[in-house]
Amino acid sequence: MSHSATEVVVGGGVLAAALAFGLYALQSTGMSFGDDGYPLRASFRSIEGVSVGSDVRLAGVKVGTVTQISLNPETFRADTVVTINDSVQVPDDSAIVIASEGLLGGNFVEISPGGSPFNFVEGDEILDTQGSVSLMTLLLKFVSGGGSDE
């Protein structure tokens, strides 16, 4: 059974394209094979719109990803673990907020840095949290006039 050179070249090209697509898919979803960050914990009232793999940003720059989300059965809050790049040191009085990219965009986790000279270390918990705000709730308050003082 003999194969022509054209079949071998086309097969190699298809294999190379499949590998390139796979690597691109892994990079675009934020997955990594190495342990290139340190985990921080946070507990939110609501993390609507955020899932594992969502961006963690500081000043609009991606500095990490959400790596774990679970429901705390005692407090009924969303316990979250975010992994921050080793090159970024976050002050220990920082706040963490669920932010929105806009009306049609998704949500992400935003870190608002504090001014402390001390930084979080691996496994610390960020206590100053703010969950996501439901756009529908805000619109209903605006339409019904529930937020105005008379």
# chains A, B, ... in the order shown; residues from 1 in each chain; ligands from 1
$ residues_around --residues "stretch 99-102 of chain A" --least-positions-apart "4" --cutoff "10 Å" --atoms "only C-alpha atoms" --output "PyMOL selection string"
chain A and resi 47+49-50+56-57+106-111+130-133+135
$ closest_atom_pairs --of "stretch 72-93 of chain A" --to "stretch 116-120 of chain A" --cutoff "12 Å" --atoms "only C-alpha atoms" --output "Markdown table"
| residue | atom | partner | partner_atom | distance |
| --- | --- | --- | --- | --- |
| A:Thr83 | CA | A:Phe120 | CA | 11.9 |
| A:Ile84 | CA | A:Phe120 | CA | 10.3 |
| A:Asp86 | CA | A:Phe120 | CA | 11.4 |
| A:Val88 | CA | A:Asn119 | CA | 9.9 |
| A:Gln89 | CA | A:Asn119 | CA | 6.1 |
| A:Val90 | CA | A:Asn119 | CA | 5.3 |
| A:Pro91 | CA | A:Asn119 | CA | 4.1 |
| A:Asp92 | CA | A:Asn119 | CA | 4.7 |
| A:Asp93 | CA | A:Ser116 | CA | 6.0 |
$ residues_around --residues "A:Val82" --least-positions-apart "6" --cutoff "6 Å" --atoms "only C-alpha atoms" --output "PDB file with N, CA, C and O atoms, in the first residue's frame"
ATOM      1  N   PRO A  39      -3.581  31.611  44.942  1.00  0.00           N
ATOM      2  CA  PRO A  39      -5.026  31.689  45.129  1.00  0.00           C
ATOM      3  C   PRO A  39      -5.408  32.641  46.262  1.00  0.00           C
ATOM      4  O   PRO A  39      -4.729  32.719  47.282  1.00  0.00           O
ATOM      5  N   LEU A  40      -6.511  33.368  46.041  1.00  0.00           N
ATOM      6  CA  LEU A  40      -7.133  34.185  47.071  1.00  0.00           C
ATOM      7  C   LEU A  40      -8.604  33.808  47.137  1.00  0.00           C
ATOM      8  O   LEU A  40      -9.209  33.490  46.119  1.00  0.00           O
ATOM      9  N   THR A  65      -7.571  34.728  37.025  1.00  0.00           N
ATOM     10  CA  THR A  65      -8.817  34.088  36.605  1.00  0.00           C
ATOM     11  C   THR A  65      -9.558  33.533  37.826  1.00  0.00           C
ATOM     12  O   THR A  65      -8.967  33.284  38.859  1.00  0.00           O
ATOM     13  N   VAL A  66     -10.861  33.350  37.630  1.00  0.00           N
ATOM     14  CA  VAL A  66     -11.670  32.684  38.644  1.00  0.00           C
ATOM     15  C   VAL A  66     -11.445  31.194  38.472  1.00  0.00           C
ATOM     16  O   VAL A  66     -11.633  30.654  37.379  1.00  0.00           O
ATOM     17  N   THR A  67     -11.010  30.510  39.530  1.00  0.00           N
ATOM     18  CA  THR A  67     -10.669  29.094  39.400  1.00  0.00           C
ATOM     19  C   THR A  67     -11.633  28.163  40.118  1.00  0.00           C
ATOM     20  O   THR A  67     -11.633  26.968  39.855  1.00  0.00           O
TER      21      THR A  67
END
$ select_by_dssp --residues "chain A" --states "strand (DSSP E or B)" --output "ChimeraX atom specification"
/A:37-44,55-58,61-71,78-85,91,95-100,107-112,119,125-126,128-130
$ write_last_selection --atoms "C-alpha atoms" --output "CSV table (one decimal), in the first residue's frame"
chain,number,residue,atom,x,y,z
A,37,GLY,CA,-0.3,32.3,40.4
A,38,TYR,CA,-1.4,32.3,44.0
A,39,PRO,CA,-5.0,31.7,45.1
A,40,LEU,CA,-7.1,34.2,47.1
A,41,ARG,CA,-10.6,33.5,48.5
A,42,ALA,CA,-13.7,35.8,48.5
A,43,SER,CA,-17.3,35.3,49.5
A,44,PHE,CA,-20.0,37.1,47.4
A,55,ASP,CA,-11.2,37.3,34.1
A,56,VAL,CA,-9.9,39.0,37.2
A,57,ARG,CA,-8.8,42.5,36.4
A,58,LEU,CA,-7.0,45.3,38.1
A,61,VAL,CA,-5.7,44.7,33.0
A,62,LYS,CA,-6.2,40.9,33.3
A,63,VAL,CA,-4.2,39.8,36.3
A,64,GLY,CA,-5.8,36.4,37.0
A,65,THR,CA,-8.8,34.1,36.6
A,66,VAL,CA,-11.7,32.7,38.6
A,67,THR,CA,-10.7,29.1,39.4
A,68,GLN,CA,-13.4,27.8,41.7
A,69,ILE,CA,-17.0,28.7,42.7
A,70,SER,CA,-19.1,26.9,45.3
A,71,LEU,CA,-22.1,27.6,47.4
A,78,ALA,CA,-20.9,32.1,46.8
A,79,ASP,CA,-17.4,31.2,48.0
A,80,THR,CA,-15.0,31.9,45.2
A,81,VAL,CA,-11.3,31.3,44.6
A,82,VAL,CA,-9.4,33.5,42.2
A,83,THR,CA,-5.8,32.9,41.1
A,84,ILE,CA,-3.7,36.0,40.7
A,85,ASN,CA,-0.5,36.1,38.6
A,91,PRO,CA,-2.5,45.1,49.0
A,95,ALA,CA,-11.8,45.3,47.6
A,96,ILE,CA,-13.1,42.8,45.1
A,97,VAL,CA,-16.2,43.6,43.0
A,98,ILE,CA,-18.3,41.9,40.3
A,99,ALA,CA,-18.3,44.4,37.5
A,100,SER,CA,-20.0,44.5,34.1
A,107,ASN,CA,-19.3,40.2,34.0
A,108,PHE,CA,-15.8,40.0,35.4
A,109,VAL,CA,-14.1,40.3,38.7
A,110,GLU,CA,-12.5,43.6,39.4
A,111,ILE,CA,-9.9,44.2,42.2
A,112,SER,CA,-9.9,47.8,43.6
A,119,ASN,CA,0.1,42.3,50.5
A,125,GLU,CA,-9.4,35.9,52.1
A,126,ILE,CA,-10.5,39.2,50.7
A,128,ASP,CA,-14.3,43.6,51.3
A,129,THR,CA,-16.6,42.2,48.5
A,130,GLN,CA,-19.4,43.5,46.4
$ select_by_dssp --residues "stretch 32-138 of chain A" --states "alpha helix (DSSP H)" --output "PDB file with all heavy atoms, in the first residue's frame"
ATOM      1  N   LEU A 135     -29.240  43.886  36.459  1.00  0.00           N
ATOM      2  CA  LEU A 135     -29.686  44.945  35.568  1.00  0.00           C
ATOM      3  C   LEU A 135     -31.206  45.029  35.529  1.00  0.00           C
ATOM      4  O   LEU A 135     -31.782  46.120  35.500  1.00  0.00           O
ATOM      5  CB  LEU A 135     -29.130  44.715  34.158  1.00  0.00           C
ATOM      6  CG  LEU A 135     -29.444  45.772  33.119  1.00  0.00           C
ATOM      7  CD1 LEU A 135     -28.887  47.117  33.551  1.00  0.00           C
ATOM      8  CD2 LEU A 135     -28.895  45.379  31.777  1.00  0.00           C
ATOM      9  N   MET A 136     -31.875  43.895  35.578  1.00  0.00           N
ATOM     10  CA  MET A 136     -33.347  43.888  35.551  1.00  0.00           C
ATOM     11  C   MET A 136     -33.913  44.569  36.797  1.00  0.00           C
ATOM     12  O   MET A 136     -34.887  45.319  36.711  1.00  0.00           O
ATOM     13  CB  MET A 136     -33.876  42.452  35.446  1.00  0.00           C
ATOM     14  CG  MET A 136     -33.629  41.818  34.094  1.00  0.00           C
ATOM     15  SD  MET A 136     -34.290  42.769  32.716  1.00  0.00           S
ATOM     16  CE  MET A 136     -36.028  42.622  33.016  1.00  0.00           C
ATOM     17  N   THR A 137     -33.322  44.337  37.950  1.00  0.00           N
ATOM     18  CA  THR A 137     -33.780  44.978  39.179  1.00  0.00           C
ATOM     19  C   THR A 137     -33.626  46.495  39.093  1.00  0.00           C
ATOM     20  O   THR A 137     -34.528  47.247  39.478  1.00  0.00           O
ATOM     21  CB  THR A 137     -33.004  44.434  40.392  1.00  0.00           C
ATOM     22  OG1 THR A 137     -33.146  43.018  40.436  1.00  0.00           O
ATOM     23  CG2 THR A 137     -33.489  45.037  41.689  1.00  0.00           C
ATOM     24  N   LEU A 138     -32.508  46.943  38.578  1.00  0.00           N
ATOM     25  CA  LEU A 138     -32.293  48.378  38.422  1.00  0.00           C
ATOM     26  C   LEU A 138     -33.299  48.993  37.459  1.00  0.00           C
ATOM     27  O   LEU A 138     -33.847  50.069  37.720  1.00  0.00           O
ATOM     28  CB  LEU A 138     -30.872  48.652  37.939  1.00  0.00           C
ATOM     29  CG  LEU A 138     -29.752  48.434  38.937  1.00  0.00           C
ATOM     30  CD1 LEU A 138     -28.403  48.668  38.275  1.00  0.00           C
ATOM     31  CD2 LEU A 138     -29.919  49.338  40.132  1.00  0.00           C
TER      32      LEU A 138
END
$ atom_distance --atom1 "atom CA of A:His3" --atom2 "atom CA of A:Ala20"
25.0 Å
$ closest_residue --among "A:Val143, A:Gly115, A:Ser94, A:Tyr24" --to "A:Leu127" --atoms "only C-alpha atoms"
A:Ser94
